[in-house]
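Engineer: I'm passing along target36.tsv; it holds TSV, C-alpha atoms (C1' of nucleotides).
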chain	number	residue	atom	x	y	z
A	1	MET	CA	59.92	154.86	47.40
A	2	TYR	CA	56.71	152.93	46.99
A	3	LYS	CA	55.12	151.47	43.93
A	4	VAL	CA	51.45	152.06	43.30
A	5	SER	CA	50.15	148.87	44.86
A	6	GLU	CA	52.00	149.44	48.07
A	7	PHE	CA	51.13	153.10	48.13
A	8	SER	CA	47.52	152.26	47.41
A	9	LYS	CA	47.41	150.03	50.47
A	10	MET	CA	49.14	152.64	52.61
A	11	THR	CA	46.75	155.40	51.69
A	12	GLY	CA	43.51	153.60	51.05
A	13	LEU	CA	43.33	155.24	47.64
A	14	SER	CA	42.79	152.79	44.81
A	15	LYS	CA	45.36	152.47	42.05
A	16	GLU	CA	42.91	153.97	39.61
A	17	THR	CA	42.30	156.89	41.92
A	18	LEU	CA	46.03	157.43	42.21
A	19	ARG	CA	46.38	157.41	38.47
A	20	TYR	CA	43.48	159.81	38.18
A	21	TYR	CA	44.94	162.12	40.81
A	22	ALA	CA	48.20	162.11	38.88
A	23	ASP	CA	46.33	162.90	35.66
A	24	VAL	CA	44.62	165.92	37.16
A	25	LYS	CA	47.89	166.92	38.82
A	26	LEU	CA	46.49	166.57	42.26
A	27	LEU	CA	49.10	164.14	43.48
A	28	GLU	CA	51.90	163.39	41.10
A	29	PRO	CA	54.37	160.61	41.82
A	30	ALA	CA	57.65	161.68	43.37
A	31	TYR	CA	59.53	159.87	40.66
A	32	ILE	CA	58.74	158.17	37.39
A	33	ASN	CA	61.20	155.69	36.01
A	34	PRO	CA	61.67	156.83	32.42
A	35	LYS	CA	62.53	153.32	31.30
A	36	ASN	CA	59.21	151.72	32.15
A	37	ASN	CA	57.08	154.64	33.34
A	38	TYR	CA	56.59	153.01	36.71
A	39	ARG	CA	55.37	155.56	39.21
A	40	TYR	CA	56.99	155.83	42.60
A	41	TYR	CA	55.68	157.65	45.63
A	42	ASP	CA	57.62	158.78	48.70
A	43	ASN	CA	56.87	159.94	52.23
A	44	GLY	CA	56.11	163.43	51.01
A	45	SER	CA	53.50	161.95	48.71
A	46	TYR	CA	52.13	160.11	51.70
A	47	LEU	CA	51.55	163.27	53.69
A	48	ILE	CA	49.76	164.87	50.79
A	49	ALA	CA	47.71	161.74	50.26
A	50	MET	CA	46.63	161.82	53.88
A	51	ILE	CA	45.42	165.38	53.48
A	52	LEU	CA	43.58	164.44	50.31
A	53	VAL	CA	41.89	161.56	52.07
A	54	SER	CA	40.68	163.99	54.71
A	55	LEU	CA	39.49	166.54	52.20
A	56	ARG	CA	37.63	163.82	50.36
A	57	LYS	CA	35.89	162.89	53.57
A	58	PHE	CA	34.91	166.52	53.88
A	59	ASN	CA	33.12	166.33	50.55
A	60	PHE	CA	35.67	168.38	48.69
A	61	THR	CA	35.41	168.17	44.94
A	62	ILE	CA	38.52	167.47	42.91
A	63	GLN	CA	38.59	171.08	41.79
A	64	GLU	CA	38.51	172.28	45.37
A	65	MET	CA	41.27	169.87	46.30
A	66	ILE	CA	43.34	171.18	43.42
A	67	THR	CA	42.80	174.71	44.66
A	68	VAL	CA	44.01	173.68	48.09
A	69	MET	CA	47.04	171.91	46.67
A	70	GLU	CA	48.05	174.75	44.38
A	71	ASP	CA	48.88	176.72	47.48
A	72	GLU	CA	51.81	174.72	48.78
A	73	SER	CA	52.07	176.57	52.03
A	74	PHE	CA	48.45	175.65	52.82
A	75	GLU	CA	48.01	179.22	53.90
A	76	ASN	CA	44.44	179.34	52.73
A	77	LEU	CA	43.49	175.88	53.91
A	78	GLU	CA	41.90	177.14	57.09
A	79	THR	CA	39.87	179.74	55.23
A	80	ILE	CA	38.76	177.18	52.69
A	81	LEU	CA	37.78	174.71	55.38
A	82	ILE	CA	35.73	177.36	57.14
A	83	GLN	CA	34.05	178.18	53.85
A	84	LYS	CA	33.35	174.51	53.41
A	85	LYS	CA	31.80	174.35	56.83
A	86	LEU	CA	29.49	177.22	55.94
A	87	GLY	CA	28.49	175.39	52.78
A	88	ILE	CA	27.71	172.26	54.74
A	89	GLU	CA	25.71	174.23	57.26
A	90	LYS	CA	23.68	175.69	54.43
A	91	LYS	CA	23.08	172.22	53.10
A	92	ILE	CA	21.84	171.17	56.52
A	93	GLU	CA	19.45	174.10	56.51
A	94	ASP	CA	18.21	173.11	53.07
A	95	LEU	CA	17.60	169.56	54.24
A	96	LYS	CA	15.74	170.81	57.28
A	97	ASN	CA	13.55	172.87	55.01
A	98	THR	CA	12.90	169.82	52.90
A	99	ILE	CA	11.78	167.96	56.00
A	100	GLU	CA	9.48	170.87	56.79
A	101	GLU	CA	7.98	170.65	53.33
A	102	ILE	CA	7.49	166.94	53.59
A	103	ASP	CA	5.69	167.46	56.88
A	104	GLN	CA	3.44	170.01	55.26
A	105	PHE	CA	2.76	167.64	52.41
A	106	LEU	CA	1.85	164.90	54.87
A	107	GLN	CA	-0.36	167.28	56.76
A	108	TRP	CA	-2.12	168.27	53.57
A	109	GLY	CA	-2.74	164.63	52.84
A	110	LYS	CA	-4.37	164.16	56.21
A	111	GLU	CA	-6.63	167.16	55.79
A	112	GLU	CA	-7.79	165.81	52.47
A	113	GLU	CA	-8.80	162.59	54.15
A	114	GLU	CA	-10.87	164.39	56.72
A	115	GLU	CA	-12.98	166.22	54.16
B	1	MET	CA	-6.45	168.30	26.80
B	2	TYR	CA	-3.18	170.14	26.76
B	3	LYS	CA	-0.27	169.89	24.40
B	4	VAL	CA	3.25	169.64	25.79
B	5	SER	CA	4.11	173.32	25.65
B	6	GLU	CA	1.02	174.35	27.50
B	7	PHE	CA	1.35	171.51	29.98
B	8	SER	CA	5.00	172.37	30.46
B	9	LYS	CA	4.06	175.91	31.45
B	10	MET	CA	1.30	174.70	33.73
B	11	THR	CA	3.53	172.30	35.62
B	12	GLY	CA	6.92	173.91	35.47
B	13	LEU	CA	8.35	170.71	34.03
B	14	SER	CA	10.31	171.23	30.84
B	15	LYS	CA	9.22	169.56	27.63
B	16	GLU	CA	12.29	167.36	27.76
B	17	THR	CA	11.49	166.37	31.30
B	18	LEU	CA	7.94	165.50	30.26
B	19	ARG	CA	9.23	163.39	27.42
B	20	TYR	CA	11.66	161.72	29.76
B	21	TYR	CA	8.96	161.07	32.33
B	22	ALA	CA	6.86	159.50	29.61
B	23	ASP	CA	9.80	157.34	28.52
B	24	VAL	CA	10.34	155.97	31.99
B	25	LYS	CA	6.59	155.57	32.41
B	26	LEU	CA	6.44	157.99	35.25
B	27	LEU	CA	3.86	160.25	33.68
B	28	GLU	CA	2.43	159.10	30.39
B	29	PRO	CA	0.24	161.38	28.32
B	30	ALA	CA	-3.49	160.84	28.70
B	31	TYR	CA	-3.82	160.53	24.95
B	32	ILE	CA	-1.52	160.25	21.99
B	33	ASN	CA	-2.86	161.16	18.57
B	34	PRO	CA	-1.90	158.18	16.43
B	35	LYS	CA	-1.75	160.31	13.32
B	36	ASN	CA	1.03	162.62	14.40
B	37	ASN	CA	2.09	161.19	17.76
B	38	TYR	CA	1.27	164.43	19.48
B	39	ARG	CA	1.02	163.89	23.20
B	40	TYR	CA	-1.90	165.30	25.12
B	41	TYR	CA	-2.22	165.70	28.86
B	42	ASP	CA	-5.38	166.18	30.89
B	43	ASN	CA	-6.34	167.30	34.38
B	44	GLY	CA	-5.55	163.89	35.78
B	45	SER	CA	-2.04	164.25	34.39
B	46	TYR	CA	-1.87	167.62	36.05
B	47	LEU	CA	-2.56	166.23	39.50
B	48	ILE	CA	0.10	163.60	39.06
B	49	ALA	CA	2.52	166.19	37.74
B	50	MET	CA	1.95	168.29	40.84
B	51	ILE	CA	2.78	165.36	43.05
B	52	LEU	CA	5.90	164.65	41.01
B	53	VAL	CA	7.01	168.25	41.35
B	54	SER	CA	6.70	167.91	45.10
B	55	LEU	CA	8.51	164.61	45.24
B	56	ARG	CA	11.29	166.09	43.15
B	57	LYS	CA	11.63	168.91	45.65
B	58	PHE	CA	11.93	166.25	48.32
B	59	ASN	CA	14.97	164.82	46.56
B	60	PHE	CA	13.20	161.72	45.34
B	61	THR	CA	15.05	159.87	42.63
B	62	ILE	CA	13.21	158.84	39.49
B	63	GLN	CA	13.19	155.26	40.71
B	64	GLU	CA	11.60	156.27	43.97
B	65	MET	CA	9.02	158.33	42.16
B	66	ILE	CA	8.22	155.36	39.96
B	67	THR	CA	7.75	153.25	43.07
B	68	VAL	CA	5.32	155.81	44.43
B	69	MET	CA	3.43	155.99	41.16
B	70	GLU	CA	3.16	152.26	40.70
B	71	ASP	CA	0.85	152.23	43.66
B	72	GLU	CA	-2.08	154.14	42.24
B	73	SER	CA	-3.95	154.43	45.49
B	74	PHE	CA	-0.92	156.16	47.03
B	75	GLU	CA	-1.44	153.91	50.02
B	76	ASN	CA	2.25	153.70	50.71
B	77	LEU	CA	3.02	157.33	50.00
B	78	GLU	CA	2.94	158.30	53.64
B	79	THR	CA	5.21	155.44	54.61
B	80	ILE	CA	7.61	156.29	51.83
B	81	LEU	CA	7.66	159.94	52.78
B	82	ILE	CA	8.41	159.04	56.37
B	83	GLN	CA	11.20	156.79	55.18
B	84	LYS	CA	12.50	159.64	53.11
B	85	LYS	CA	12.47	161.90	56.11
B	86	LEU	CA	14.51	159.39	58.04
B	87	GLY	CA	16.98	159.26	55.20
B	88	ILE	CA	17.29	163.03	55.18
B	89	GLU	CA	17.74	163.09	58.92
B	90	LYS	CA	20.54	160.60	58.57
B	91	LYS	CA	22.13	162.79	55.95
B	92	ILE	CA	21.93	165.71	58.32
B	93	GLU	CA	23.66	163.65	60.97
B	94	ASP	CA	26.38	162.71	58.48
B	95	LEU	CA	26.91	166.33	57.59
B	96	LYS	CA	27.11	167.26	61.24
B	97	ASN	CA	29.76	164.60	61.70
B	98	THR	CA	31.65	166.02	58.76
B	99	ILE	CA	31.62	169.42	60.42
B	100	GLU	CA	32.93	167.79	63.57
B	101	GLU	CA	35.75	166.22	61.61
B	102	ILE	CA	36.61	169.48	59.92
B	103	ASP	CA	36.78	171.13	63.32
B	104	GLN	CA	39.11	168.44	64.54
B	105	PHE	CA	41.25	168.86	61.48
B	106	LEU	CA	41.41	172.60	62.09
B	107	GLN	CA	42.28	171.99	65.72
B	108	TRP	CA	45.03	169.61	64.73
B	109	GLY	CA	46.44	172.29	62.45
B	110	LYS	CA	46.54	174.78	65.31
B	111	GLU	CA	48.31	172.37	67.64
B	112	GLU	CA	50.95	171.77	65.00
B	113	GLU	CA	51.60	175.48	64.85
B	114	GLU	CA	52.08	175.72	68.59
B	115	GLU	CA	54.78	173.09	68.70
C	1	DA	C1'	-0.87	179.84	0.78
C	2	DT	C1'	2.76	180.89	3.41
C	3	DA	C1'	5.33	181.69	7.49
C	4	DA	C1'	5.86	181.16	12.29
C	5	DA	C1'	5.31	178.27	15.81
C	6	DC	C1'	4.76	173.92	17.27
C	7	DC	C1'	5.51	168.80	17.54
C	8	DA	C1'	7.95	164.25	16.86
C	9	DT	C1'	12.09	160.94	16.97
C	10	DG	C1'	16.74	159.70	17.67
C	11	DT	C1'	21.15	160.59	19.16
C	12	DT	C1'	24.66	162.72	21.68
C	13	DG	C1'	26.31	165.42	25.57
C	14	DT	C1'	26.56	166.96	30.47
C	15	DG	C1'	29.27	166.66	35.25
C	16	DC	C1'	31.59	164.18	38.62
C	17	DA	C1'	34.99	160.90	40.24
C	18	DC	C1'	36.40	157.45	39.34
C	19	DC	C1'	36.10	151.86	37.72
C	20	DA	C1'	36.96	148.25	34.48
C	21	DC	C1'	38.97	146.30	30.92
C	22	DA	C1'	42.27	144.92	27.04
C	23	DG	C1'	46.72	144.27	25.48
C	24	DA	C1'	51.29	144.55	26.25
C	25	DG	C1'	55.55	145.23	28.68
C	26	DT	C1'	58.24	144.28	33.24
C	27	DC	C1'	59.77	142.62	37.61
C	28	DA	C1'	60.55	139.27	41.46
C	29	DA	C1'	61.00	134.80	43.25
C	30	DC	C1'	62.18	130.31	42.97
D	1	DG	C1'	64.30	131.07	32.94
D	2	DT	C1'	59.88	130.56	33.56
D	3	DT	C1'	55.89	131.69	36.02
D	4	DG	C1'	53.04	134.68	38.35
D	5	DA	C1'	52.40	139.07	39.96
D	6	DC	C1'	53.02	143.46	38.92
D	7	DT	C1'	52.97	147.69	35.88
D	8	DC	C1'	51.83	150.72	31.90
D	9	DT	C1'	48.60	153.17	28.30
D	10	DG	C1'	44.37	153.98	26.21
D	11	DT	C1'	39.66	153.66	25.89
D	12	DG	C1'	35.12	152.98	27.33
D	13	DG	C1'	31.68	152.64	30.95
D	14	DT	C1'	29.09	154.02	35.21
D	15	DG	C1'	24.74	156.65	37.37
D	16	DC	C1'	21.53	160.29	37.44
D	17	DA	C1'	18.20	163.33	35.27
D	18	DC	C1'	17.70	165.46	32.09
D	19	DA	C1'	19.53	169.28	28.08
D	20	DA	C1'	20.71	170.06	23.51
D	21	DC	C1'	20.88	169.33	19.15
D	22	DA	C1'	19.53	167.88	14.13
D	23	DT	C1'	16.11	166.73	11.08
D	24	DG	C1'	11.76	166.58	9.53
D	25	DG	C1'	6.64	166.59	9.83
D	26	DT	C1'	2.33	169.44	11.49
D	27	DT	C1'	-0.59	173.08	12.91
D	28	DT	C1'	-2.16	177.73	13.40
D	29	DA	C1'	-2.70	182.39	12.20
D	30	DT	C1'	-2.76	185.70	8.85
Rewrite the coordinates I just gave you, this time as structure tokens.

Structural biologist:
Amino acid sequence: MYKVSEFSKMTGLSKETLRYYADVKLLEPAYINPKNNYRYYDNGSYLIAMILVSLRKFNFTIQEMITVMEDESFENLETILIQKKLGIEKKIEDLKNTIEEIDQFLQWGKEEEEE
Amino acid sequence: MYKVSEFSKMTGLSKETLRYYADVKLLEPAYINPKNNYRYYDNGSYLIAMILVSLRKFNFTIQEMITVMEDESFENLETILIQKKLGIEKKIEDLKNTIEEIDQFLQWGKEEEEE
DNA sequence: ATAAACCATGTTGTGCACCACAGAGTCAAC
DNA sequence: GTTGACTCTGTGGTGCACAACATGGTTTAT
């Protein structure tokens, strides 16, 4: 059983983030001492935290992470990750289009100069 | 000289956006009637608005747009746009890396199943 | 002259994912 | 047993780019 500070160092999640994740029921402490409300995390928490850290890297929103976590068997995780990939690929396409548009804008600027 | 509503329709920028742009000195009205504070825009405003609409499409922040506008000759516009392109290209690279990481995560999941 | 449509200012709210603080209680080490 | 490090709760703030009011004055068309 780890207290927040220790668990924070283990996971790389700040204490505030841990509190926030507990608030939104994304990662609740394994045990809360009713006498002082100290929050304790265990190795199970650690595994979940590791997954959350990954999902965060993958640009998951909190809501999406909650959706993943609601399904304890992680049955849908693969599907969701594939969906996420598609979303990212679309974003890449959008950015490429933006680059296209910038190029056109630059081109237009050059033509103006020539006239 | 156009009043906000008309100018809003011409440019596609909402009235609130126009007010906001005036507040942050990004696009100030060509004339303000001191009697009633009505804001009037002219054809010069329109040209600037068109550029702003483009920059917005290019994911420029307000601050960046202000930087562009501070330089009335638009001398640095090309440089800034090229910089912006580089930034977008970096973002694309980041997203591609994210996809890579998701793939690895998925792969790791499959290996776990096999064991 | 009256009603509809327009304009102004000022303030608050939005969404996201936390961060930062204040004030107070608690624990650990020496 | 005292000091320093830790913990809690609650509240407010952050950044971005507006949107959404409320309230009240003005203009335009009939």

Engineer: Least-squares align chain B to chain A using all Cα atoms paired by position, then dump the moved coordinates as an mmCIF file with C-alpha atoms, keeping the file's coordinate frame.

Structural biologist:
data_model
loop_
_atom_site.group_PDB
_atom_site.id
_atom_site.type_symbol
_atom_site.label_atom_id
_atom_site.label_comp_id
_atom_site.auth_asym_id
_atom_site.auth_seq_id
_atom_site.Cartn_x
_atom_site.Cartn_y
_atom_site.Cartn_z
ATOM 1 C CA MET B 1 60.063 155.042 47.370
ATOM 2 C CA TYR B 2 56.883 153.087 46.988
ATOM 3 C CA LYS B 3 55.292 151.591 43.933
ATOM 4 C CA VAL B 4 51.588 152.114 43.306
ATOM 5 C CA SER B 5 50.351 148.911 44.893
ATOM 6 C CA GLU B 6 52.206 149.507 48.092
ATOM 7 C CA PHE B 7 51.278 153.176 48.148
ATOM 8 C CA SER B 8 47.680 152.264 47.432
ATOM 9 C CA LYS B 9 47.606 150.044 50.508
ATOM 10 C CA MET B 10 49.304 152.670 52.630
ATOM 11 C CA THR B 11 46.855 155.401 51.707
ATOM 12 C CA GLY B 12 43.646 153.557 51.068
ATOM 13 C CA LEU B 13 43.419 155.183 47.653
ATOM 14 C CA SER B 14 42.918 152.717 44.833
ATOM 15 C CA LYS B 15 45.474 152.430 42.064
ATOM 16 C CA GLU B 16 42.977 153.902 39.639
ATOM 17 C CA THR B 17 42.358 156.798 41.959
ATOM 18 C CA LEU B 18 46.102 157.391 42.226
ATOM 19 C CA ARG B 19 46.430 157.361 38.475
ATOM 20 C CA TYR B 20 43.510 159.720 38.197
ATOM 21 C CA TYR B 21 44.953 162.042 40.812
ATOM 22 C CA ALA B 22 48.196 162.079 38.875
ATOM 23 C CA ASP B 23 46.320 162.853 35.654
ATOM 24 C CA VAL B 24 44.582 165.846 37.148
ATOM 25 C CA LYS B 25 47.829 166.898 38.806
ATOM 26 C CA LEU B 26 46.434 166.526 42.250
ATOM 27 C CA LEU B 27 49.083 164.134 43.471
ATOM 28 C CA GLU B 28 51.904 163.421 41.078
ATOM 29 C CA PRO B 29 54.409 160.683 41.787
ATOM 30 C CA ALA B 30 57.675 161.824 43.330
ATOM 31 C CA TYR B 31 59.580 160.023 40.612
ATOM 32 C CA ILE B 32 58.792 158.295 37.368
ATOM 33 C CA ASN B 33 61.293 155.812 35.990
ATOM 34 C CA PRO B 34 61.748 156.928 32.395
ATOM 35 C CA LYS B 35 62.609 153.425 31.291
ATOM 36 C CA ASN B 36 59.335 151.775 32.179
ATOM 37 C CA ASN B 37 57.184 154.688 33.342
ATOM 38 C CA TYR B 38 56.741 153.105 36.722
ATOM 39 C CA ARG B 39 55.489 155.662 39.190
ATOM 40 C CA TYR B 40 57.108 155.963 42.580
ATOM 41 C CA TYR B 41 55.776 157.770 45.615
ATOM 42 C CA ASP B 42 57.697 158.926 48.667
ATOM 43 C CA ASN B 43 56.942 160.088 52.194
ATOM 44 C CA GLY B 44 56.134 163.559 50.965
ATOM 45 C CA SER B 45 53.513 162.028 48.692
ATOM 46 C CA TYR B 46 52.188 160.177 51.685
ATOM 47 C CA LEU B 47 51.564 163.335 53.671
ATOM 48 C CA ILE B 48 49.735 164.894 50.772
ATOM 49 C CA ALA B 49 47.746 161.720 50.249
ATOM 50 C CA MET B 50 46.664 161.810 53.878
ATOM 51 C CA ILE B 51 45.414 165.336 53.479
ATOM 52 C CA LEU B 52 43.566 164.369 50.309
ATOM 53 C CA VAL B 53 41.916 161.468 52.089
ATOM 54 C CA SER B 54 40.677 163.885 54.715
ATOM 55 C CA LEU B 55 39.463 166.428 52.215
ATOM 56 C CA ARG B 56 37.630 163.684 50.372
ATOM 57 C CA LYS B 57 35.880 162.731 53.588
ATOM 58 C CA PHE B 58 34.875 166.363 53.893
ATOM 59 C CA ASN B 59 33.085 166.151 50.556
ATOM 60 C CA PHE B 60 35.624 168.237 48.702
ATOM 61 C CA THR B 61 35.358 167.993 44.953
ATOM 62 C CA ILE B 62 38.467 167.319 42.906
ATOM 63 C CA GLN B 63 38.485 170.934 41.795
ATOM 64 C CA GLU B 64 38.407 172.139 45.361
ATOM 65 C CA MET B 65 41.185 169.777 46.299
ATOM 66 C CA ILE B 66 43.244 171.082 43.408
ATOM 67 C CA THR B 67 42.668 174.610 44.658
ATOM 68 C CA VAL B 68 43.917 173.593 48.080
ATOM 69 C CA MET B 69 46.952 171.863 46.636
ATOM 70 C CA GLU B 70 47.918 174.693 44.344
ATOM 71 C CA ASP B 71 48.759 176.676 47.419
ATOM 72 C CA GLU B 72 51.710 174.700 48.700
ATOM 73 C CA SER B 73 51.990 176.526 51.976
ATOM 74 C CA PHE B 74 48.382 175.576 52.766
ATOM 75 C CA GLU B 75 47.920 179.159 53.873
ATOM 76 C CA ASN B 76 44.350 179.235 52.695
ATOM 77 C CA LEU B 77 43.439 175.766 53.883
ATOM 78 C CA GLU B 78 41.853 177.020 57.063
ATOM 79 C CA THR B 79 39.818 179.607 55.209
ATOM 80 C CA ILE B 80 38.704 177.042 52.681
ATOM 81 C CA LEU B 81 37.743 174.580 55.372
ATOM 82 C CA ILE B 82 35.699 177.228 57.125
ATOM 83 C CA GLN B 83 34.012 178.039 53.845
ATOM 84 C CA LYS B 84 33.304 174.378 53.402
ATOM 85 C CA LYS B 85 31.757 174.211 56.821
ATOM 86 C CA LEU B 86 29.478 177.079 55.946
ATOM 87 C CA GLY B 87 28.465 175.274 52.800
ATOM 88 C CA ILE B 88 27.659 172.137 54.753
ATOM 89 C CA GLU B 89 25.685 174.122 57.275
ATOM 90 C CA LYS B 90 23.672 175.599 54.459
ATOM 91 C CA LYS B 91 23.028 172.133 53.132
ATOM 92 C CA ILE B 92 21.802 171.095 56.539
ATOM 93 C CA GLU B 93 19.436 174.038 56.560
ATOM 94 C CA ASP B 94 18.168 173.059 53.108
ATOM 95 C CA LEU B 95 17.549 169.529 54.263
ATOM 96 C CA LYS B 96 15.714 170.784 57.310
ATOM 97 C CA ASN B 97 13.522 172.873 55.042
ATOM 98 C CA THR B 98 12.851 169.819 52.931
ATOM 99 C CA ILE B 99 11.701 167.969 56.025
ATOM 100 C CA GLU B 100 9.442 170.895 56.821
ATOM 101 C CA GLU B 101 7.953 170.715 53.356
ATOM 102 C CA ILE B 102 7.423 166.989 53.599
ATOM 103 C CA ASP B 103 5.616 167.519 56.880
ATOM 104 C CA GLN B 104 3.398 170.099 55.274
ATOM 105 C CA PHE B 105 2.695 167.763 52.415
ATOM 106 C CA LEU B 106 1.765 165.023 54.867
ATOM 107 C CA GLN B 107 -0.444 167.440 56.760
ATOM 108 C CA TRP B 108 -2.161 168.475 53.567
ATOM 109 C CA GLY B 109 -2.855 164.821 52.833
ATOM 110 C CA LYS B 110 -4.493 164.371 56.225
ATOM 111 C CA GLU B 111 -6.712 167.416 55.805
ATOM 112 C CA GLU B 112 -7.894 166.085 52.469
ATOM 113 C CA GLU B 113 -8.942 162.880 54.153
ATOM 114 C CA GLU B 114 -10.969 164.714 56.762
ATOM 115 C CA GLU B 115 -13.063 166.575 54.239
#

Engineer: Could you work out which residues of chain D fall inside 10 Å of chain A? Count all atoms listed in the file, and format the result as a short mmCIF file (atom, residue, chain, number, x, y, z; two decimals) with C-alpha atoms (C1' of nucleotides), in the frame of the given file.

Structural biologist:
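Result file is part30.cif:
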data_model
loop_
_atom_site.label_atom_id
_atom_site.label_comp_id
_atom_site.auth_asym_id
_atom_site.auth_seq_id
_atom_site.Cartn_x
_atom_site.Cartn_y
_atom_site.Cartn_z
"C1'" DC D 6 53.02 143.46 38.92
"C1'" DT D 7 52.97 147.69 35.88
"C1'" DC D 8 51.83 150.72 31.90
"C1'" DT D 9 48.60 153.17 28.30
#

Engineer: Based on all atoms listed in the file, which of the residues in chain C come within 12 Å of chain A? I want them as a list in words.

Structural biologist: DG15, DC16, DA17, DC18, DC19, DA20, DG25, DT26 and DC27 of chain C

Engineer: Now that the selection is made, can you save its residues with C-alpha atoms (C1' of nucleotides) as an mmCIF file, keeping the file's coordinate frame?

Structural biologist:
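Result file selection-v3.cif:
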data_model
loop_
_atom_site.group_PDB
_atom_site.id
_atom_site.type_symbol
_atom_site.label_atom_id
_atom_site.label_comp_id
_atom_site.auth_asym_id
_atom_site.auth_seq_id
_atom_site.Cartn_x
_atom_site.Cartn_y
_atom_site.Cartn_z
ATOM 1 C "C1'" DG C 15 29.270 166.660 35.250
ATOM 2 C "C1'" DC C 16 31.590 164.180 38.620
ATOM 3 C "C1'" DA C 17 34.990 160.900 40.240
ATOM 4 C "C1'" DC C 18 36.400 157.450 39.340
ATOM 5 C "C1'" DC C 19 36.100 151.860 37.720
ATOM 6 C "C1'" DA C 20 36.960 148.250 34.480
ATOM 7 C "C1'" DG C 25 55.550 145.230 28.680
ATOM 8 C "C1'" DT C 26 58.240 144.280 33.240
ATOM 9 C "C1'" DC C 27 59.770 142.620 37.610
#

Engineer: Considering only C-alpha atoms, extract the chain B residues located within 10 Å of chain A and return them as an MDAnalysis selection string.

Structural biologist: chainID B and resid 51 54:55 57:59 77:78 81:82 84:86 88:89 91:103 105:106 109:110

Engineer: Report, in Å with one decimal, the straight-line distance from atom CA of Tyr46 of chain A to atom CA of Asp23 of chain A.

Structural biologist: 17.3 Å

Engineer: For DT2 of chain D, list every protein, DNA or RNA residue within 12 Å, evaluated using all atoms listed in the file, and leave out those in the same chain fewer than 2 positions away; present the list as a PDB file with C-alpha atoms (C1' of nucleotides), keeping the file's coordinate frame.

Structural biologist:
ATOM      1  C1'  DA C  28      60.550 139.270  41.460  1.00  0.00           C
ATOM      2  C1'  DA C  29      61.000 134.800  43.250  1.00  0.00           C
ATOM      3  C1'  DC C  30      62.180 130.310  42.970  1.00  0.00           C
TER       4       DC C  30
ATOM      5  C1'  DG D   4      53.040 134.680  38.350  1.00  0.00           C
TER       6       DG D   4
END
